[in-house]
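S.K.: Quick one: the structure is below, and I'll ask about it shortly.
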Amino acid sequence: MKIVVCAKYALDVAELKISSGKPVLEGARRKVSDIDKNAVEAAISIKEKYGGIIKVLCFGPISAKEGLKELLAMGADEAYLIEDPSEGMLDTAATVEALALAIQKMDGFDLILCGEATIDGYTSQVGPRLAERLKVPQITYVRSIKIDGNNVIAERDLEDVYQTVKVPMPLLITVTREINTPRIPNLMAILKASKKPITIWKIEDLGLSKDKLEQISSLHTLSLEGFTVERKRIIIKDKPVDEAVQELISYLLKEKVLGV
Amino acid sequence: MEIELFSIFYMIGMAIAVVGGGIRVWNWISSFPISESYKVITDIVKSAFSTFFSKKICYIIKGLFLGIFTKAKLRSSNISNGFFKVAFIIAYLLLIIAYHIKVENIPQLKSFPIYISFFIAPFADFYFLSKTSIESFTIADAFFGFIHDFFALIIISYLLFMIYKRVIRRVHLKINFEDIFCDAIIILWFVSKLMAETSTIIAFNIHSSIAKYWFFSYALSTMLKNLNLPWLTLYHILWNISGLFLGVLIASIPFTKLWHIIVGPIQILRRYSIGEKPIVISFGKKLSKPFDLRKLLETESFEVKIGIKTIKDMSWRQRISLEPCIRCGRCQDSCPAYAAGRELSPMEVVLNLNSSLKLIFISDILNFMAHVAKWLNFKNYISSLSEKSEKLLLLNGKLKDETVWSCTTCGACVAICPVDISNFEPLIERRRFLVTEGKLDSIKMDILKNLIEKSNPYGMPISDRDLWMKNLSVKTLKENPNPEYLYWVGCSSSYDKRNQNIAKSMVNILNKAGVNFVVLGLEERCCGDTLRRMGDEGRFQELALANIEVLKSYNVKKIITHCPHCYNTLKNEYKEFGGDFEVIHHSEFLLNLLKMGKIKLIKVIEEETLYHDPCYLGRYNGIYDAPRILLQMISNLKVKEFEKHHVNSFCCGGGGGNVWYEVPEKEKMSVLRIKEAEKIGVNLISVACPYCITMLEDALKTKGLEGKIKIKDIAETLSEVIGE
């Protein structure tokens with residue numbers, strides 16, 4: 001089975017700093033988006049059961065090699081990096097275009113796995129768009145995968161219900177965090193994985209150009225603003241439990257954390 | 001002259017013992033390739049030589065007397081028991097020596113070659129008593145007779161006491177057949193021997209001027225001689241029975257816990273040969289280094305075996321170190337994890353591994369049979385045989401994951417063990433295996449992930465590491481490149497809101513005393529204690545090397561830290577990676593400032609305080625007095641002691657990574673500790689470790705004692721009495 005996993009070398013939002021109202025993107029720390037690691041883990045467990053080959057594909061800065069090494073150490077077999085000329089300023093349509101062309105350049109696939117969203121943009125668009133672009137069926141928000149002959153039986157997590165669907169391969173799946181716990185490769189595995197191949201493509205290798213991608217991209221950045229949300233620092237104390245709970249609920253309603 | 005039956009029993013016993021001993025030695029060295037086994041042996045010989053011709057020989061001699069003959073460690077935990085054991089060992093040794101000297105002087109035995117007289121020695125009385133005349137009887141013979149009965153009585157009474165302890169008082173444990181057998185067989189051998197002597201005295205009507213020196217047998221004989229028994233027949237039967245018991249006793253040494261007679265001294269001498277004091281544990285402060293990351297990166301060969309999947313993955317040293325266990329149960333009694341009802345008994349760990357160790361020989365035989373089957377082309381058997389052989393060695397059933405993660409590496413078990421077993425060493429090795437295989441639950445994964453990604457176990461942003469020092473007058477190394485001391489803050493006091501107060505107090509004191517110090521600020525990373533103790537050796541080395549590089553680039557020489565975990569790692573573990581710094585714990589540093597009059601007290605605390613020994617400060621590094629003296633100097637009242645203190649201190653439950661994850665248990669260790677404090681009745685518990693604060697304050701919340709008992713680091717208390 002040929003599995004392609006799309007992974008983003010995303011901004012580590014926990015480390016993102018705001019300086020005079022602007023997020024500091026220069027030199028900001030990056031890491032492989034958490035949910036994409038769930039996708040890689042899912043791919044590994046499929047490979048462990050049914051055999052096959054796992055390729056990870058990333059559209060991002062050249063520094064993403066570090067992240068890809070980690071995914072190779074987890075158990076992926078090959079890694080492909082498409083160098084992003086725009087430093088992350090492209091929208092999902094342009095990203096998908098690059099990913100799709102890269103996948104077409106590979107020797108086919110049975111299954112494409114993506115995270116349901118990335119930790120920085122959280123658009124949840126890349127997976128579904130990619131499926132449309134490649135004209136394959138898709139199953140989104142998947143929390144468990146079973147392979148049945150040439151079909152995939154997947155359980156979807158739709159907030160208030162679970163939906164089980166059966167779809168023939170090839171197809172694209174986006175997974176949720178709940179699907180598994182990604183393994184943490186130990187240092188030896190990472191060092192060993194440095195011998196696995198990472199293929200680096202320029203967009204020109206895919207027949208694209210910076211201008212063309214910018215054309216496809218419908219997102220135009222006017223400005224980047226950073227907001228710091230202060231804690232409310234409300235402490236409810238010295239009250240009987242019933243009263244305290246009532247007060248807490250009224251605060252949560254006011255802040256629209258709870259809905260009526 | 002013929003060899004009697006009893007000597008033949010002894011010979012057979014000895015032969016079985018030698019074979020059994022051989023099997024056990026095989027278990028130590030099996031699976032080491034020949035070249036490596038050769039290396040192991042040459043290493044032993046070499047180190048023996050270098051020991052003999054160095055200062056270490058003094059340690060060894062000291063160990064021989066303090067550790068083996070006088071059982072210093074055992075006596076320190078239980079005086080009466082310790083002295084009893086010492087008497088037992090010395091009695092036994094002197095008795096053996098006396099016999100062998102005696103044999104040389106008995107005329108009837110002179111015709112035997114020495115290797116035969118060796119097997120006759122324990123029965124010297126048989127030849128002597130029945131054939132000696134009053135004329136040839138000397139004072140030396142009299143002395144021999146006396147010490148024989150005297151020591152025999154000591155030995156019997158010691159063993160009866162042991163049986164009493166196990167069966168009636170039920171100290172430590174359930175009764176086990178092996179325990180009773182080992183005690184009983186020695187008693188049987190001595191009782192039958194004394195009875196045999198009695199029958200000799202009666203049957204040959206030995207003159208009382210000789211017989212009275214065998215005072216016990218003589219007393220028995222005067223009581224029994226009027227009984228009309230076939231004494232001459234009994235004389236033959238009893239001597240042979242005693243020989244049989246001796247044969248069984250000797251034969252059982254390699255197969256029962258009596259094996260500790262051989263391996264116990266090896267283990268104790270090893271500890272003394274590294275010059276450790278009994279107040280410090282012999283294992284744990286510097287974990288073994290299965291590989292050196294720098295070398296791996298240089299050679300680019302990353303195929304290293306880490307941790308223990310099978311029993312054979314243990315080194316020969318680790319294997320030997322498990323064997324002296326006699327199920328005394330002291331480690332289990334001292335273990336805080338066991339007391340908390342966790343799935344861990346340090347004794348069971350050792351016993352389980354010991355039973356695994358015994359399977360090595362069987363597994364090797366199966367493996368050999370598989371080779372034979374292959375040679376004979378019996379295809380059906382090859383795979384099943386080699387499969388069975390491998391399965392025998394797996395540790396899955398012997399070391400449960402829950403057990404492995406229950407240990408806080410507090411070292412109480414190692415500190416109390418009379419034969420210096422490093423009970424928790426296999427647990428760390430197993431963690432290394434589990435980490436290598438990625439067999440961790442999500443919480444532990446997260447801890448490791450946080451440490452890898454954020455260089456702190458909390459998973460807080462790296463850029464927040466210096467938030468605690470906002471608005472404080474602290475300089476970083478960048479701002480003051482020529483400090484005398486570097487103050488190492490550690491993760492807990494950098495990120496934890498409560499523990500930041502320790503760092504703030506430290507800064508206050510150091511500034512007041514005019515110490516030229518700096519911190520690393522954003523350049524500081526976790527010291528790696530948690531990573532190493534949780535078994536991620538590779539990442540630990542990566543962190544350690546990075547830290548050492550930073551410290552060296554600023555030419556740091558002296559480091560102060562208030563965290564015993566950082567202290568231990570920086571001081572004892574970084575050396576192996578090229579980081580040789582003078583590391584000072586704040587308790588000693590602050591005491592020194594106080595003694596030199598660098599800080600002035602503006603008030604004294606009037607509260608009674610109880611001092612809790614952090615494991616990594618006391619047991620690991622022997623610092624017991626400094627914090628106590630410091631507290632004494634700043635308070636008018638005496639520092640009180642917990643029931644378990646100093647080397648026997650009871651862990652708060654935070655060590656070995658346990659502060660970050662939870663293990664199923666009946667009652668938290670910290671709660672047990674707080675209960676102890678509640679009984680003593682104090683309002684202030686002083687500690688010298690941020691983990692202890694986290695754990696004990698958590699227990700206060702659980703027990704609803706918040707506000708009633710305060711928990712403070714010694715630096716916080718000191719900072720209060722010198723003013724802001």
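To be explicit about the labels: the chains of the structure tokens are called A, B, and onward in the order shown, and within each one the residues are counted from 1, while ligands get numbers from 1 in the order they are shown.
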Counting only C-alpha atoms, which residues of chain B come no farther than 12 Å from chain A, as a PyMOL selection string?

M.R.: chain B and resi 291-293+296-306+432-454+459-465+531+535-543

S.K.: Please produce a file of the residues just selected, as a PDB file, in the first residue's frame, where the atoms kept are C-alpha atoms.

M.R.:
ATOM      1  CA  PHE B 291      26.918   4.971  24.940  1.00  0.00           C
ATOM      2  CA  ASP B 292      28.551   8.319  24.412  1.00  0.00           C
ATOM      3  CA  LEU B 293      26.643  10.530  22.027  1.00  0.00           C
ATOM      4  CA  LEU B 296      28.296   7.984  18.061  1.00  0.00           C
ATOM      5  CA  LEU B 297      28.083  11.212  16.101  1.00  0.00           C
ATOM      6  CA  GLU B 298      31.737  10.958  15.245  1.00  0.00           C
ATOM      7  CA  THR B 299      31.560   7.389  13.985  1.00  0.00           C
ATOM      8  CA  GLU B 300      28.018   7.698  12.635  1.00  0.00           C
ATOM      9  CA  SER B 301      27.139   4.242  13.911  1.00  0.00           C
ATOM     10  CA  PHE B 302      23.930   4.439  15.856  1.00  0.00           C
ATOM     11  CA  GLU B 303      23.385   0.743  16.464  1.00  0.00           C
ATOM     12  CA  VAL B 304      23.579   0.602  20.233  1.00  0.00           C
ATOM     13  CA  LYS B 305      21.741  -1.623  22.636  1.00  0.00           C
ATOM     14  CA  ILE B 306      19.949   0.442  25.243  1.00  0.00           C
ATOM     15  CA  ARG B 432      15.482   2.942  28.841  1.00  0.00           C
ATOM     16  CA  PHE B 433      14.161  -0.042  26.931  1.00  0.00           C
ATOM     17  CA  LEU B 434      10.562   1.191  27.031  1.00  0.00           C
ATOM     18  CA  VAL B 435      11.608   4.641  25.826  1.00  0.00           C
ATOM     19  CA  THR B 436      13.680   3.158  23.020  1.00  0.00           C
ATOM     20  CA  GLU B 437      10.724   1.072  21.920  1.00  0.00           C
ATOM     21  CA  GLY B 438       8.358   4.016  22.311  1.00  0.00           C
ATOM     22  CA  LYS B 439       6.145   2.018  24.679  1.00  0.00           C
ATOM     23  CA  LEU B 440       4.964   4.952  26.762  1.00  0.00           C
ATOM     24  CA  ASP B 441       1.541   6.280  27.617  1.00  0.00           C
ATOM     25  CA  SER B 442       0.524   9.685  26.326  1.00  0.00           C
ATOM     26  CA  ILE B 443       1.335  11.545  29.556  1.00  0.00           C
ATOM     27  CA  LYS B 444       4.896  10.308  29.650  1.00  0.00           C
ATOM     28  CA  MET B 445       5.177  10.956  25.915  1.00  0.00           C
ATOM     29  CA  ASP B 446       4.135  14.530  26.594  1.00  0.00           C
ATOM     30  CA  ILE B 447       6.725  14.976  29.341  1.00  0.00           C
ATOM     31  CA  LEU B 448       9.464  13.780  27.040  1.00  0.00           C
ATOM     32  CA  LYS B 449       8.058  15.878  24.197  1.00  0.00           C
ATOM     33  CA  ASN B 450       8.034  18.973  26.407  1.00  0.00           C
ATOM     34  CA  LEU B 451      11.608  18.363  27.424  1.00  0.00           C
ATOM     35  CA  ILE B 452      12.680  17.826  23.846  1.00  0.00           C
ATOM     36  CA  GLU B 453      10.777  20.716  22.315  1.00  0.00           C
ATOM     37  CA  LYS B 454      10.803  23.255  25.136  1.00  0.00           C
ATOM     38  CA  GLY B 459       5.975  22.427  28.119  1.00  0.00           C
ATOM     39  CA  MET B 460       6.035  26.166  28.758  1.00  0.00           C
ATOM     40  CA  PRO B 461       7.566  28.430  26.116  1.00  0.00           C
ATOM     41  CA  ILE B 462      11.339  28.659  26.098  1.00  0.00           C
ATOM     42  CA  SER B 463      10.991  32.416  25.900  1.00  0.00           C
ATOM     43  CA  ASP B 464       9.173  32.471  29.262  1.00  0.00           C
ATOM     44  CA  ARG B 465      12.065  30.989  31.154  1.00  0.00           C
ATOM     45  CA  LEU B 531      15.078  12.718  31.031  1.00  0.00           C
ATOM     46  CA  GLY B 535      15.165   6.462  30.568  1.00  0.00           C
ATOM     47  CA  ASP B 536      15.720   8.802  27.604  1.00  0.00           C
ATOM     48  CA  GLU B 537      19.471   8.551  27.668  1.00  0.00           C
ATOM     49  CA  GLY B 538      20.025   9.992  24.182  1.00  0.00           C
ATOM     50  CA  ARG B 539      18.107  13.190  24.829  1.00  0.00           C
ATOM     51  CA  PHE B 540      19.709  13.536  28.231  1.00  0.00           C
ATOM     52  CA  GLN B 541      23.139  13.476  26.674  1.00  0.00           C
ATOM     53  CA  GLU B 542      22.010  15.909  24.006  1.00  0.00           C
ATOM     54  CA  LEU B 543      20.775  18.362  26.674  1.00  0.00           C
TER      55      LEU B 543
END

S.K.: Name the residues in contact with Phe650 (chain B) at a cut-off of 8 Å, using only C-alpha atoms, excluding same-chain residues fewer than 6 positions from it; report them as a PyMOL selection string.

M.R.: chain B and resi 334+336+412+613+615+644+673

S.K.: Set the distance at 8 Å and use only C-alpha atoms: which residues neighbour Ser356 (chain B) once local chain neighbours fewer than 2 positions away are removed? I'd like the list as a ChimeraX atom specification.

M.R.: /B:311,352-354,358-360,392-393,395,398

S.K.: Let's have the selection written as a tab-separated table (two decimals), in the first residue's frame, with N, CA, C and O atoms.

M.R.:
chain	number	residue	atom	x	y	z
B	311	ILE	N	16.77	-10.64	30.05
B	311	ILE	CA	17.68	-10.66	31.19
B	311	ILE	C	19.13	-10.63	30.71
B	311	ILE	O	20.02	-10.13	31.38
B	352	ASN	N	12.32	-11.41	41.23
B	352	ASN	CA	11.84	-11.78	39.89
B	352	ASN	C	12.99	-11.85	38.90
B	352	ASN	O	13.07	-12.77	38.09
B	353	LEU	N	13.87	-10.87	38.99
B	353	LEU	CA	15.01	-10.87	38.07
B	353	LEU	C	15.95	-12.03	38.38
B	353	LEU	O	16.51	-12.63	37.48
B	354	ASN	N	16.07	-12.33	39.67
B	354	ASN	CA	16.90	-13.47	40.05
B	354	ASN	C	16.37	-14.75	39.47
B	354	ASN	O	17.14	-15.60	39.01
B	358	LYS	N	18.21	-17.30	36.63
B	358	LYS	CA	18.43	-18.75	36.70
B	358	LYS	C	18.01	-19.43	35.40
B	358	LYS	O	18.41	-20.55	35.14
B	359	LEU	N	17.15	-18.74	34.63
B	359	LEU	CA	16.67	-19.36	33.39
B	359	LEU	C	17.69	-19.26	32.26
B	359	LEU	O	17.54	-19.92	31.24
B	360	ILE	N	18.71	-18.45	32.45
B	360	ILE	CA	19.68	-18.26	31.37
B	360	ILE	C	20.29	-19.59	30.97
B	360	ILE	O	20.39	-19.92	29.79
B	392	LEU	N	12.05	-17.54	27.22
B	392	LEU	CA	12.41	-17.70	28.63
B	392	LEU	C	13.06	-16.44	29.20
B	392	LEU	O	12.94	-16.13	30.37
B	393	LEU	N	13.79	-15.73	28.33
B	393	LEU	CA	14.61	-14.64	28.82
B	393	LEU	C	13.88	-13.30	28.86
B	393	LEU	O	14.34	-12.35	29.47
B	395	LEU	N	11.61	-10.19	29.74
B	395	LEU	CA	11.32	-9.67	31.07
B	395	LEU	C	9.90	-9.12	31.19
B	395	LEU	O	9.52	-8.57	32.21
B	398	LYS	N	8.10	-10.25	34.15
B	398	LYS	CA	8.84	-10.09	35.40
B	398	LYS	C	8.86	-8.63	35.86
B	398	LYS	O	8.86	-8.34	37.03

S.K.: State, in Å with one decimal place, the distance from CA of Leu111 (chain A) to CA of Pro197 (chain A).

M.R.: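 Result for CA of Leu111 (chain A) versus CA of Pro197 (chain A): 20.7 Å, one decimal.
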
S.K.: Need the shell around region 33-42 of chain A: protein/DNA/RNA residues with any atom at most 9 Å away, counting only C-alpha atoms. Skip same-chain ones fewer than 3 positions apart. Format as number ranges by chain?

M.R.: A: 5-12, 30, 45-47, 54, 56, 71, 74-76, 113-120, 144-145, 173-183

S.K.: CA of Gly654 (chain B) and CA of Tyr487 (chain B), how far apart in Å?

M.R.: 22.6 Å

S.K.: So the first atom is CA of Glu132 (chain A) and the second is CA of Pro170 (chain A); what is the distance between them in Å, to one decimal place?

M.R.: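 Rounded to one decimal, the two atoms are 12.8 Å apart.
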
S.K.: Can you tell me, as a ChimeraX atom specification, which residues in region 21-257 of chain A count as helix (DSSP H, G or I) by DSSP?

M.R.: /A:34-50,64-74,92-105,126-134,177-179,187-193,203-206,210-216,241-254

S.K.: Would you please give, as a PyMOL selection string, all residues of region 387-622 of chain B that DSSP assigns to strand (DSSP E) based on the backbone?

M.R.: chain B and resi 485-488+517-518+558-561+582-585+609-611

S.K.: Need the shell around Tyr624 (chain B): protein/DNA/RNA residues with any atom at most 9 Å away, counting only C-alpha atoms. Skip same-chain ones fewer than 5 positions apart. Format as a list of chain:residue names?

M.R.: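 Answer for this query is B:Asp613, B:Leu617, B:Gly618, B:Arg619, B:His646, B:Val647.
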
S.K.: Can I get the selected residues back with all heavy atoms, as an mmCIF file, in the first residue's frame?

M.R.:
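That gives us out_14.cif:
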data_model
loop_
_atom_site.group_PDB
_atom_site.id
_atom_site.type_symbol
_atom_site.label_atom_id
_atom_site.label_comp_id
_atom_site.auth_asym_id
_atom_site.auth_seq_id
_atom_site.Cartn_x
_atom_site.Cartn_y
_atom_site.Cartn_z
ATOM 1 N N ASP B 613 14.429 15.653 54.720
ATOM 2 C CA ASP B 613 15.619 15.426 53.888
ATOM 3 C C ASP B 613 15.228 15.098 52.449
ATOM 4 O O ASP B 613 14.599 14.068 52.209
ATOM 5 C CB ASP B 613 16.409 14.223 54.429
ATOM 6 C CG ASP B 613 17.281 14.591 55.606
ATOM 7 O OD1 ASP B 613 18.250 15.320 55.391
ATOM 8 O OD2 ASP B 613 16.981 14.140 56.722
ATOM 9 N N LEU B 617 19.589 15.155 47.969
ATOM 10 C CA LEU B 617 20.544 15.951 48.727
ATOM 11 C C LEU B 617 21.216 15.073 49.787
ATOM 12 O O LEU B 617 22.427 15.023 49.887
ATOM 13 C CB LEU B 617 19.825 17.129 49.397
ATOM 14 C CG LEU B 617 20.729 18.199 49.966
ATOM 15 C CD1 LEU B 617 21.509 18.867 48.864
ATOM 16 C CD2 LEU B 617 19.922 19.240 50.729
ATOM 17 N N GLY B 618 20.384 14.367 50.549
ATOM 18 C CA GLY B 618 20.898 13.548 51.642
ATOM 19 C C GLY B 618 21.471 12.240 51.158
ATOM 20 O O GLY B 618 22.673 12.074 51.035
ATOM 21 N N ARG B 619 20.554 11.322 50.868
ATOM 22 C CA ARG B 619 21.009 9.980 50.502
ATOM 23 C C ARG B 619 21.960 9.978 49.324
ATOM 24 O O ARG B 619 22.894 9.202 49.276
ATOM 25 C CB ARG B 619 19.807 9.108 50.159
ATOM 26 C CG ARG B 619 19.434 8.146 51.240
ATOM 27 C CD ARG B 619 18.503 7.104 50.720
ATOM 28 N NE ARG B 619 17.280 7.670 50.206
ATOM 29 C CZ ARG B 619 16.193 7.883 50.938
ATOM 30 N NH1 ARG B 619 16.176 7.568 52.208
ATOM 31 N NH2 ARG B 619 15.106 8.406 50.409
ATOM 32 N N HIS B 646 17.352 11.613 57.877
ATOM 33 C CA HIS B 646 18.695 11.345 57.385
ATOM 34 C C HIS B 646 18.667 10.258 56.309
ATOM 35 O O HIS B 646 17.827 10.332 55.420
ATOM 36 C CB HIS B 646 19.637 10.978 58.539
ATOM 37 C CG HIS B 646 20.093 12.186 59.314
ATOM 38 N ND1 HIS B 646 19.302 12.783 60.267
ATOM 39 C CD2 HIS B 646 21.233 12.918 59.260
ATOM 40 C CE1 HIS B 646 19.955 13.822 60.774
ATOM 41 N NE2 HIS B 646 21.124 13.940 60.175
ATOM 42 N N VAL B 647 19.512 9.259 56.465
ATOM 43 C CA VAL B 647 19.648 8.279 55.370
ATOM 44 C C VAL B 647 18.352 7.469 55.158
ATOM 45 O O VAL B 647 18.115 6.925 54.094
ATOM 46 C CB VAL B 647 20.877 7.371 55.624
ATOM 47 C CG1 VAL B 647 20.600 6.355 56.688
ATOM 48 C CG2 VAL B 647 21.345 6.709 54.338
#

S.K.: In terms of the shortest atom-to-atom distance over only C-alpha atoms, which of B:Glu36, B:Ser321, B:Trp316, B:Lys285 is closest to Cys566 (chain B)?

M.R.: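 Using only C-alpha atoms, Cys566 (chain B) sits closest to B:Lys285.
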
S.K.: Distance table requested - region 63-156 of chain A against region 21-27 of chain A, cut-off 12 Å, only C-alpha atoms: one row per qualifying residue with the closest atom pair and its distance in Å to one decimal, ordered by chain and rising residue number, as CSV.

M.R.:
residue,atom,partner,partner_atom,distance
A:Ser63,CA,A:Gly27,CA,11.0
A:Glu87,CA,A:Leu25,CA,9.8
A:Gly88,CA,A:Leu25,CA,10.1
A:Met89,CA,A:Leu25,CA,11.2
A:Asp120,CA,A:Leu25,CA,11.9

S.K.: Under the rule that only C-alpha atoms are counted, which of B:Arg533, B:Leu545, B:Ser35, B:Gly247 is the nearest residue to Phe119 (chain B)?

M.R.: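 Closest candidate: B:Gly247.
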